[in-house]
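So this one's run25.cif, mmCIF, C-alpha atoms:
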```cif
data_query
loop_
_atom_site.label_atom_id
_atom_site.label_comp_id
_atom_site.auth_asym_id
_atom_site.auth_seq_id
_atom_site.Cartn_x
_atom_site.Cartn_y
_atom_site.Cartn_z
CA MET A 7 -38.24 35.21 -58.53
CA PHE A 8 -35.97 37.97 -59.83
CA TYR A 9 -35.17 39.22 -56.32
CA GLY A 10 -34.51 35.71 -55.04
CA GLY A 11 -32.26 34.95 -58.00
CA TYR A 12 -30.42 38.23 -57.56
CA MET A 13 -29.77 37.56 -53.87
CA THR A 14 -28.69 34.00 -54.64
CA ASN A 15 -26.23 35.07 -57.35
CA ASN A 16 -24.96 38.28 -55.76
CA GLY A 17 -25.47 37.83 -52.03
CA ASN A 18 -21.90 36.69 -51.49
CA SER A 19 -20.58 39.72 -53.39
CA LEU A 20 -22.53 42.03 -51.12
CA ILE A 21 -21.17 40.27 -48.04
CA VAL A 22 -17.53 40.12 -49.21
CA SER A 23 -17.59 43.76 -50.31
CA GLN A 24 -18.11 44.70 -46.65
CA LEU A 25 -14.70 43.27 -45.68
CA GLY A 26 -11.82 45.65 -45.06
CA ASP A 27 -9.25 43.89 -47.25
CA PRO A 28 -9.25 45.42 -50.77
CA LYS A 29 -7.02 42.64 -52.22
CA LEU A 30 -9.35 39.93 -50.94
CA ILE A 31 -12.40 41.80 -52.24
CA SER A 32 -10.89 42.35 -55.69
CA GLY A 33 -9.71 38.72 -55.90
CA PHE A 34 -13.13 37.43 -54.93
CA LEU A 35 -15.04 39.70 -57.30
CA LEU A 36 -12.69 38.87 -60.19
CA ALA A 37 -12.97 35.13 -59.47
CA GLN A 38 -16.75 35.44 -59.30
CA ARG A 39 -16.92 37.31 -62.62
CA LEU A 40 -14.77 34.66 -64.29
CA ILE A 41 -16.87 31.85 -62.84
CA PHE A 42 -20.09 33.53 -63.98
CA PHE A 43 -18.56 33.93 -67.45
CA ILE A 44 -17.76 30.21 -67.51
CA ARG A 45 -21.34 29.50 -66.43
CA GLN A 46 -22.71 31.52 -69.34
CA ILE A 47 -20.54 29.63 -71.82
CA SER A 48 -21.64 26.33 -70.28
CA GLN A 49 -25.32 27.17 -70.68
CA ALA A 50 -25.10 27.23 -74.47
CA PRO A 51 -25.42 23.48 -75.24
CA LEU A 52 -28.82 23.27 -73.56
CA TYR A 53 -30.19 26.79 -73.86
CA SER A 54 -29.55 27.01 -77.60
CA ASN A 55 -31.82 23.98 -78.01
CA LEU A 56 -34.67 25.07 -75.73
CA PRO A 57 -37.15 25.62 -78.60
CA ARG A 58 -36.72 21.98 -79.66
CA ILE A 59 -36.98 20.83 -76.03
CA TYR A 60 -40.16 22.88 -75.51
CA GLN A 61 -41.58 21.42 -78.71
CA MET A 62 -41.01 17.89 -77.37
CA LEU A 63 -42.54 18.92 -74.05
CA ALA A 64 -45.62 20.31 -75.80
CA LYS A 65 -46.00 17.11 -77.82
CA LYS A 66 -45.51 15.04 -74.63
CA ASP A 67 -42.63 13.20 -76.32
CA PHE A 68 -41.00 12.44 -72.96
CA LYS A 69 -38.69 9.70 -74.19
CA ASN A 70 -36.94 11.96 -76.71
CA LEU A 71 -37.20 14.91 -74.33
CA LYS A 72 -35.21 13.04 -71.67
CA LEU A 73 -32.61 11.89 -74.17
CA TYR A 74 -32.22 15.24 -75.91
CA SER A 75 -32.13 17.32 -72.73
CA SER A 76 -29.76 14.92 -70.94
CA ILE A 77 -27.27 15.28 -73.78
CA GLY A 78 -27.43 19.08 -73.48
CA ILE A 79 -27.10 18.94 -69.70
CA PHE A 80 -24.12 16.58 -69.92
CA ARG A 81 -22.35 18.75 -72.50
CA GLY A 82 -22.96 21.91 -70.49
CA LEU A 83 -21.69 20.41 -67.24
CA PHE A 84 -18.71 18.85 -69.02
CA ILE A 85 -17.71 22.21 -70.51
CA GLN A 86 -18.12 23.84 -67.13
CA ILE A 87 -16.00 21.24 -65.32
CA ILE A 88 -13.18 21.56 -67.87
CA LEU A 89 -13.19 25.38 -67.79
CA LEU A 90 -13.42 25.57 -63.99
CA THR A 91 -10.57 23.10 -63.64
CA LEU A 92 -8.44 25.23 -65.96
CA LEU A 93 -9.37 28.35 -64.00
CA ILE A 94 -8.48 26.74 -60.67
CA LEU A 95 -5.16 25.36 -61.93
CA PHE A 96 -3.98 28.21 -64.15
CA GLY A 97 -6.10 31.27 -63.29
CA ASP A 98 -3.43 33.28 -61.50
CA GLN A 99 -0.79 32.50 -64.16
CA VAL A 100 -3.12 33.64 -66.96
CA LEU A 101 -3.80 36.88 -65.10
CA LEU A 102 -0.06 37.56 -64.99
CA LEU A 103 0.09 37.23 -68.79
CA PHE A 104 -2.38 40.14 -68.99
CA ASN A 105 -0.43 42.16 -66.37
CA VAL A 106 -3.23 41.86 -63.83
CA ASN A 107 -1.70 42.20 -60.38
CA THR A 108 -4.67 40.77 -58.51
CA ASN A 109 -4.64 37.14 -57.42
CA LEU A 110 -7.77 35.07 -57.35
CA VAL A 111 -9.08 33.66 -54.09
CA PRO A 112 -7.30 30.74 -52.37
CA PHE A 113 -7.75 27.20 -53.71
CA SER A 114 -10.28 26.14 -51.05
CA VAL A 115 -12.51 29.16 -51.70
CA MET A 116 -12.25 28.69 -55.47
CA LEU A 117 -13.18 25.03 -55.07
CA VAL A 118 -16.28 25.90 -53.03
CA MET A 119 -17.26 28.60 -55.53
CA SER A 120 -16.82 26.13 -58.40
CA ILE A 121 -18.89 23.39 -56.78
CA THR A 122 -21.60 25.92 -55.96
CA ILE A 123 -21.81 27.22 -59.52
CA MET A 124 -21.88 23.66 -60.89
CA LEU A 125 -24.82 22.82 -58.66
CA GLU A 126 -26.50 26.09 -59.61
CA LEU A 127 -26.07 25.38 -63.33
CA HIS A 128 -27.47 21.87 -62.92
CA HIS A 129 -30.47 23.33 -61.08
CA ALA A 130 -30.90 26.05 -63.71
CA PHE A 131 -30.95 23.48 -66.52
CA HIS A 132 -33.72 21.48 -64.90
CA ALA A 133 -35.65 24.59 -63.86
CA GLN A 134 -35.53 25.98 -67.40
CA ILE A 135 -36.86 22.75 -68.86
CA TYR A 136 -39.58 22.51 -66.21
CA MET A 137 -40.70 26.09 -66.82
CA GLY A 138 -41.56 25.00 -70.35
CA SER A 139 -44.54 23.24 -68.80
CA ASN A 140 -45.87 26.67 -67.68
CA HIS A 141 -45.43 25.81 -64.00
CA VAL A 142 -43.17 28.02 -61.87
CA PRO A 143 -42.90 26.50 -58.39
CA PHE A 144 -39.60 28.24 -57.62
CA LEU A 145 -40.82 31.55 -56.14
CA TYR A 146 -40.54 30.83 -52.43
CA PRO A 147 -37.43 28.61 -52.64
CA ALA A 148 -35.62 31.31 -54.64
CA ILE A 149 -36.47 34.03 -52.13
CA LEU A 150 -35.60 31.82 -49.15
CA SER A 151 -32.29 30.80 -50.74
CA GLY A 152 -31.33 34.42 -51.34
CA ILE A 153 -32.22 35.48 -47.82
CA SER A 154 -30.36 32.46 -46.39
CA ILE A 155 -27.20 33.32 -48.31
CA LEU A 156 -27.29 36.90 -47.07
CA LEU A 157 -27.96 35.90 -43.46
CA PHE A 158 -25.42 33.05 -43.28
CA GLY A 159 -22.82 35.19 -45.04
CA TYR A 160 -23.40 38.10 -42.68
CA PHE A 161 -23.20 35.97 -39.55
CA SER A 162 -20.14 34.08 -40.78
CA LEU A 163 -18.28 37.38 -41.05
CA SER A 164 -19.31 38.54 -37.60
#
```
Step by step, read the file and then write its structure as structure tokens.
Amino acid sequence: MFYGGYMTNNGNSLIVSQLGDPKLISGFLLAQRLIFFIRQISQAPLYSNLPRIYQMLAKKDFKNLKLYSSIGIFRGLFIQIILLTLLILFGDQVLLLFNVNTNLVPFSVMLVMSITIMLELHHAFHAQIYMGSNHVPFLYPAILSGISILLFGYFSLS
């Protein structure tokens, strides 16, 4: 699962780093780091309450589990949407305040990256809750997703 997750999260970086345009590479990698940072902040509302969620799962208290986890998922996604919107709208201007001469990626690329990370966070929330049941059915999908990202990214650049 680690290798699949690594390829899923970093496959695009490996592909983009093969391009010959240093400004595009630096803009992409900076945008990706900022988006991953936003993802980590957005995980807090649910992940900080995982012990309570796992306790409800162990007690088979599914009614409260659904309510409690849905609140955490909503808060996390809400935080992520707000922060990603701010990044898309004001990211380049904020970088200028810190004397960073690199621009982020174009709007369309940033939008695709943002939608992708929102879907990934939503998946991660549900996967984390489900893993509390001691079932891990994500091995093959994670590996296939990582390989797919690398292959599609490679062929799209060719």
### Query
Selected by the PyMOL selection byres ((chain A and resi 88-92) around 12) in the shown coordinates: which residues, as a PyMOL selection string?
chain A and resi 37-38+40-48+81-87+93-100+113+116-124
### Message
From the options A:Met137, A:Val111, A:Leu103, A:Leu71, which residue's atoms come nearest to A:Ser32, counting all atoms listed in the file?
### Response
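Closest to A:Ser32 of all the choices is A:Val111.
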### Task
Compare A:Ala133, A:Ala64, A:Leu30, A:Leu36 by their minimum atom-to-atom distance to A:Leu52, counting all atoms listed in the file, and give me the closest one.
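That would be A:Ala133, the residue with the smallest distance to A:Leu52.
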### Query
atom CA of A:Val115 and atom CA of A:Leu157, how far apart in Å?
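Spanning atom CA of A:Leu157 to atom CA of A:Val115 is a straight-line distance of 18.8 Å.
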### Message
Here is a test: counting all atoms listed in the file, which residue of A:Leu102, A:Leu125, A:Ile135, A:Ile79 is nearest to A:Arg58?
### Response
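Checking each candidate against A:Arg58, we get A:Ile135 as the closest.
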